[in-house]
Amino acid sequence: MGTHLITGAGSGIGAAVARRLADRGEELWLLARDAGRAKELAAQFPGARAVVGDLGVPEKLAWALGHQTLPDRLDSVLHIAGVVELGAVADLPAKSWQRQLTANLVAPAELTRLFLPQLRLAQGHVVFVNSGAGLRANPQWGAYAASKHGLKALADALRAEEHDNGVRVTSVYPGRTATAMQATVHQQEGKEYDPSRWIDPESIATTVLTALDLPRDAEITDLSVRPGS
């Protein structure tokens with residue numbers, strides 16, 4: 001039985017991954033932004049442990065985590081939480097850039113740094129659920145794509161740095177997936193949202209578990225997933 005820390009477990013891809021791991025009897029530690037959210041996650045995933053830390057203020061994560069019970073070892077840290085705000089470079093204010101870079105890039109970097117001792121001890125796995133925007137930037141997606149391009153760079157650097165410690169690192173690049181975030185994106189785009197057109201979160205969960213379950217003689221570094229219909 002493995003021990004896993006998951007961000008974004010409350011909905012979408014994160015919830016699908018958490019359910020699949022819980023069904024296998026794995027030990028879950030779920031990051032929550034505040035105490036109220038921690039109670040919701042505890043009710044959603046009986047037996048899981050909640051850890052409170054706000055990804056919107058990564059400079060306070062070390063203090064917050066330092067005042068809580070944490071796992072002694074981690075088989076994986078799964079970065080699935082994220083935020084998106086569309087807008088042209090000509091229109092998007094600095095605060096929008098800062099919010100997305102903070103939550104999508106700086107926070108995963110800091111959270112990984114803080115849990116590297118537990119990951120090294122278990123020769124664990126860091127999975128970054130990135131985005132197709134982490135490989136290409138389209139109009140209106142500049143800030144989000146910049147954060148996700150940065151997340152790819154973080155993963156690539158981490159993989160090279162931690163290889164000798166036995167820590168594996170995988171980036172997953174989903175195309176449009178039927179989640180609450182995708183509904184928000186469609187609203188920002190002014191388009192009608194039809195979830196049947198997009199990837200089921202369970203399919204992305206299968207991709208994440210495939211990377212985790214790969215035998216130790218191999219490592220999946222990058223996986224792109226696109227809608228199949």
# chains A, B, ... in the order shown; residues from 1 in each chain; ligands from 1
$ residues_around --residues "range 28-41 of chain A" --least-positions-apart "5" --cutoff "9 Å" --atoms "only C-alpha atoms" --output "PyMOL selection string"
chain A and resi 2-10+18+21-22+46-56+70-71
$ write_last_selection --atoms "C-alpha atoms" --output "PDB file, in the first residue's frame"
ATOM      1  CA  GLY A   2       1.419   3.351  -1.061  1.00  0.00           C
ATOM      2  CA  THR A   3       1.136   6.778   0.536  1.00  0.00           C
ATOM      3  CA  HIS A   4       0.172   9.684  -1.708  1.00  0.00           C
ATOM      4  CA  LEU A   5      -0.213  13.444  -1.325  1.00  0.00           C
ATOM      5  CA  ILE A   6      -2.721  14.936  -3.777  1.00  0.00           C
ATOM      6  CA  THR A   7      -3.617  18.532  -4.605  1.00  0.00           C
ATOM      7  CA  GLY A   8      -6.923  19.311  -6.293  1.00  0.00           C
ATOM      8  CA  ALA A   9      -8.654  16.198  -4.939  1.00  0.00           C
ATOM      9  CA  GLY A  10     -11.990  17.926  -4.452  1.00  0.00           C
ATOM     10  CA  ALA A  18      -8.084  10.070  -5.326  1.00  0.00           C
ATOM     11  CA  LEU A  21      -6.226   5.183  -5.183  1.00  0.00           C
ATOM     12  CA  ALA A  22      -8.665   4.966  -2.274  1.00  0.00           C
ATOM     13  CA  PRO A  46     -13.365   8.627   4.431  1.00  0.00           C
ATOM     14  CA  GLY A  47     -10.067   7.477   5.876  1.00  0.00           C
ATOM     15  CA  ALA A  48      -8.006  10.100   4.051  1.00  0.00           C
ATOM     16  CA  ARG A  49      -5.932  12.657   5.970  1.00  0.00           C
ATOM     17  CA  ALA A  50      -6.288  16.343   5.165  1.00  0.00           C
ATOM     18  CA  VAL A  51      -3.361  18.761   5.197  1.00  0.00           C
ATOM     19  CA  VAL A  52      -4.112  22.496   5.190  1.00  0.00           C
ATOM     20  CA  GLY A  53      -2.042  24.753   2.951  1.00  0.00           C
ATOM     21  CA  ASP A  54      -3.035  27.503   0.530  1.00  0.00           C
ATOM     22  CA  LEU A  55      -1.439  27.178  -2.908  1.00  0.00           C
ATOM     23  CA  GLY A  56      -2.292  30.826  -3.476  1.00  0.00           C
ATOM     24  CA  LEU A  70       2.818  14.915   7.991  1.00  0.00           C
ATOM     25  CA  PRO A  71       3.596  11.492   6.491  1.00  0.00           C
TER      26      PRO A  71
END
$ select_by_dssp --residues "chain A" --states "alpha helix (DSSP H)" --output "PyMOL selection string"
chain A and resi 12-23+35-44+61-66+94-101+107-122+142-162+180-189+201-213
$ residues_around --residues "range 90-99 of chain A" --least-positions-apart "5" --cutoff "10 Å" --atoms "only C-alpha atoms" --output "list in words"
Leu55, Gly56, Val57, Val83, Val84, Glu85, Asn104, Leu105, Val106, Gln140, Gly142, Ala143, Tyr144, Ala146 and Ser147 of chain A
$ write_last_selection --atoms "C-alpha atoms" --output "compact mmCIF listing (two decimals), in the first residue's frame"
# COMPACT_ATOMS: atom_id res chain seq x y z
CA LEU A 55 -1.44 27.18 -2.91
CA GLY A 56 -2.29 30.83 -3.48
CA VAL A 57 0.34 31.85 -0.90
CA VAL A 83 -6.33 27.88 -11.93
CA VAL A 84 -7.01 29.45 -15.32
CA GLU A 85 -7.94 32.96 -16.42
CA ASN A 104 0.26 26.66 -11.22
CA LEU A 105 4.05 26.93 -10.91
CA VAL A 106 5.47 28.46 -7.74
CA GLN A 140 -5.94 34.32 -25.03
CA GLY A 142 -0.70 33.45 -22.66
CA ALA A 143 -0.59 33.62 -18.85
CA TYR A 144 -1.92 30.10 -18.28
CA ALA A 146 3.35 30.49 -19.46
CA SER A 147 2.65 28.92 -16.07
$ closest_residue --among "A:Arg176, A:Arg113, A:Arg168, A:His79" --to "Pro215 in chain A" --atoms "only C-alpha atoms"
A:Arg168
$ residues_around --residues "Met1 in chain A" --least-positions-apart "3" --cutoff "8 Å" --atoms "only C-alpha atoms" --output "number ranges by chain"
A: 25-27
$ atom_distance --atom1 "CA of Met181 in chain A" --atom2 "CA of Trp63 in chain A"
29.0 Å
$ closest_atom_pairs --of "range 139-175 of chain A" --to "range 188-204 of chain A" --cutoff "12 Å" --atoms "only C-alpha atoms" --output "CSV"
residue,atom,partner,partner_atom,distance
A:Pro139,CA,A:Glu189,CA,11.2
A:Gln140,CA,A:Glu189,CA,9.1
A:Trp141,CA,A:Glu189,CA,10.6
A:Ser171,CA,A:Ile204,CA,11.9
A:Val172,CA,A:Ile204,CA,8.5
A:Tyr173,CA,A:Ile204,CA,9.3
A:Pro174,CA,A:Ile204,CA,7.1
A:Gly175,CA,A:Ile199,CA,7.4
$ write_last_selection --atoms "C-alpha atoms" --output "PDB file, in the first residue's frame"
ATOM      1  CA  PRO A 139      -4.328  33.259 -28.336  1.00  0.00           C
ATOM      2  CA  GLN A 140      -5.936  34.323 -25.027  1.00  0.00           C
ATOM      3  CA  TRP A 141      -4.006  31.607 -23.166  1.00  0.00           C
ATOM      4  CA  SER A 171       4.416  15.292 -16.674  1.00  0.00           C
ATOM      5  CA  VAL A 172       0.936  14.551 -18.034  1.00  0.00           C
ATOM      6  CA  TYR A 173      -0.469  16.926 -20.656  1.00  0.00           C
ATOM      7  CA  PRO A 174      -4.244  16.475 -20.917  1.00  0.00           C
ATOM      8  CA  GLY A 175      -6.275  18.017 -23.688  1.00  0.00           C
TER       9      GLY A 175
END
$ residues_around --residues "Ala62 in chain A" --least-positions-apart "2" --cutoff "10 Å" --atoms "only C-alpha atoms" --output "PDB file with N, CA, C and O atoms, in the first residue's frame"
ATOM      1  N   GLY A  53      -3.067  23.884   3.518  1.00  0.00           N
ATOM      2  CA  GLY A  53      -2.042  24.753   2.951  1.00  0.00           C
ATOM      3  C   GLY A  53      -2.600  25.428   1.715  1.00  0.00           C
ATOM      4  O   GLY A  53      -3.163  24.761   0.855  1.00  0.00           O
ATOM      5  N   PRO A  58       2.195  30.416  -1.584  1.00  0.00           N
ATOM      6  CA  PRO A  58       3.192  29.366  -1.373  1.00  0.00           C
ATOM      7  C   PRO A  58       4.280  29.733  -0.378  1.00  0.00           C
ATOM      8  O   PRO A  58       4.890  28.843   0.225  1.00  0.00           O
ATOM      9  N   GLU A  59       4.513  31.031  -0.179  1.00  0.00           N
ATOM     10  CA  GLU A  59       5.544  31.429   0.778  1.00  0.00           C
ATOM     11  C   GLU A  59       5.155  31.084   2.212  1.00  0.00           C
ATOM     12  O   GLU A  59       6.013  31.095   3.106  1.00  0.00           O
ATOM     13  N   LYS A  60       3.886  30.747   2.438  1.00  0.00           N
ATOM     14  CA  LYS A  60       3.433  30.375   3.784  1.00  0.00           C
ATOM     15  C   LYS A  60       3.267  28.861   3.949  1.00  0.00           C
ATOM     16  O   LYS A  60       2.897  28.397   5.027  1.00  0.00           O
ATOM     17  N   ALA A  64       2.821  26.625   7.429  1.00  0.00           N
ATOM     18  CA  ALA A  64       1.567  25.890   7.631  1.00  0.00           C
ATOM     19  C   ALA A  64       1.832  24.396   7.831  1.00  0.00           C
ATOM     20  O   ALA A  64       1.302  23.775   8.765  1.00  0.00           O
ATOM     21  N   LEU A  65       2.653  23.824   6.979  1.00  0.00           N
ATOM     22  CA  LEU A  65       2.922  22.393   7.076  1.00  0.00           C
ATOM     23  C   LEU A  65       3.751  22.062   8.316  1.00  0.00           C
ATOM     24  O   LEU A  65       3.627  20.965   8.878  1.00  0.00           O
ATOM     25  N   GLY A  66       4.568  23.008   8.745  1.00  0.00           N
ATOM     26  CA  GLY A  66       5.392  22.785   9.919  1.00  0.00           C
ATOM     27  C   GLY A  66       4.611  22.678  11.214  1.00  0.00           C
ATOM     28  O   GLY A  66       5.152  22.245  12.234  1.00  0.00           O
ATOM     29  N   HIS A  67       3.336  23.057  11.169  1.00  0.00           N
ATOM     30  CA  HIS A  67       2.482  22.994  12.355  1.00  0.00           C
ATOM     31  C   HIS A  67       1.467  21.862  12.276  1.00  0.00           C
ATOM     32  O   HIS A  67       0.476  21.854  13.013  1.00  0.00           O
ATOM     33  N   GLU A 110       7.315  24.772  -4.565  1.00  0.00           N
ATOM     34  CA  GLU A 110       7.535  24.853  -3.129  1.00  0.00           C
ATOM     35  C   GLU A 110       7.039  23.596  -2.420  1.00  0.00           C
ATOM     36  O   GLU A 110       7.714  23.070  -1.522  1.00  0.00           O
ATOM     37  N   LEU A 111       5.880  23.100  -2.817  1.00  0.00           N
ATOM     38  CA  LEU A 111       5.343  21.890  -2.184  1.00  0.00           C
ATOM     39  C   LEU A 111       6.268  20.702  -2.435  1.00  0.00           C
ATOM     40  O   LEU A 111       6.528  19.894  -1.529  1.00  0.00           O
ATOM     41  N   ARG A 113       9.512  20.855  -2.996  1.00  0.00           N
ATOM     42  CA  ARG A 113      10.716  21.079  -2.171  1.00  0.00           C
ATOM     43  C   ARG A 113      10.501  20.622  -0.736  1.00  0.00           C
ATOM     44  O   ARG A 113      11.353  19.933  -0.153  1.00  0.00           O
ATOM     45  N   LEU A 114       9.338  20.959  -0.201  1.00  0.00           N
ATOM     46  CA  LEU A 114       9.067  20.640   1.199  1.00  0.00           C
ATOM     47  C   LEU A 114       8.916  19.148   1.447  1.00  0.00           C
ATOM     48  O   LEU A 114       9.216  18.665   2.549  1.00  0.00           O
TER      49      LEU A 114
END
$ atom_distance --atom1 "CA of Ala205 in chain A" --atom2 "CA of Gly150 in chain A"
22.7 Å
$ select_by_dssp --residues "range 72-205 of chain A" --states "strand (DSSP E)" --output "PyMOL selection string"
chain A and resi 76-79+125-129+168-174
$ closest_residue --among "A:Ser76, A:Gln118, A:Thr112, A:Gln68" --to "Leu158 in chain A" --atoms "only C-alpha atoms"
A:Thr112
$ closest_residue --among "A:Thr69, A:Gln187, A:Gln100, A:Gln123" --to "Val169 in chain A" --atoms "only C-alpha atoms"
A:Gln123
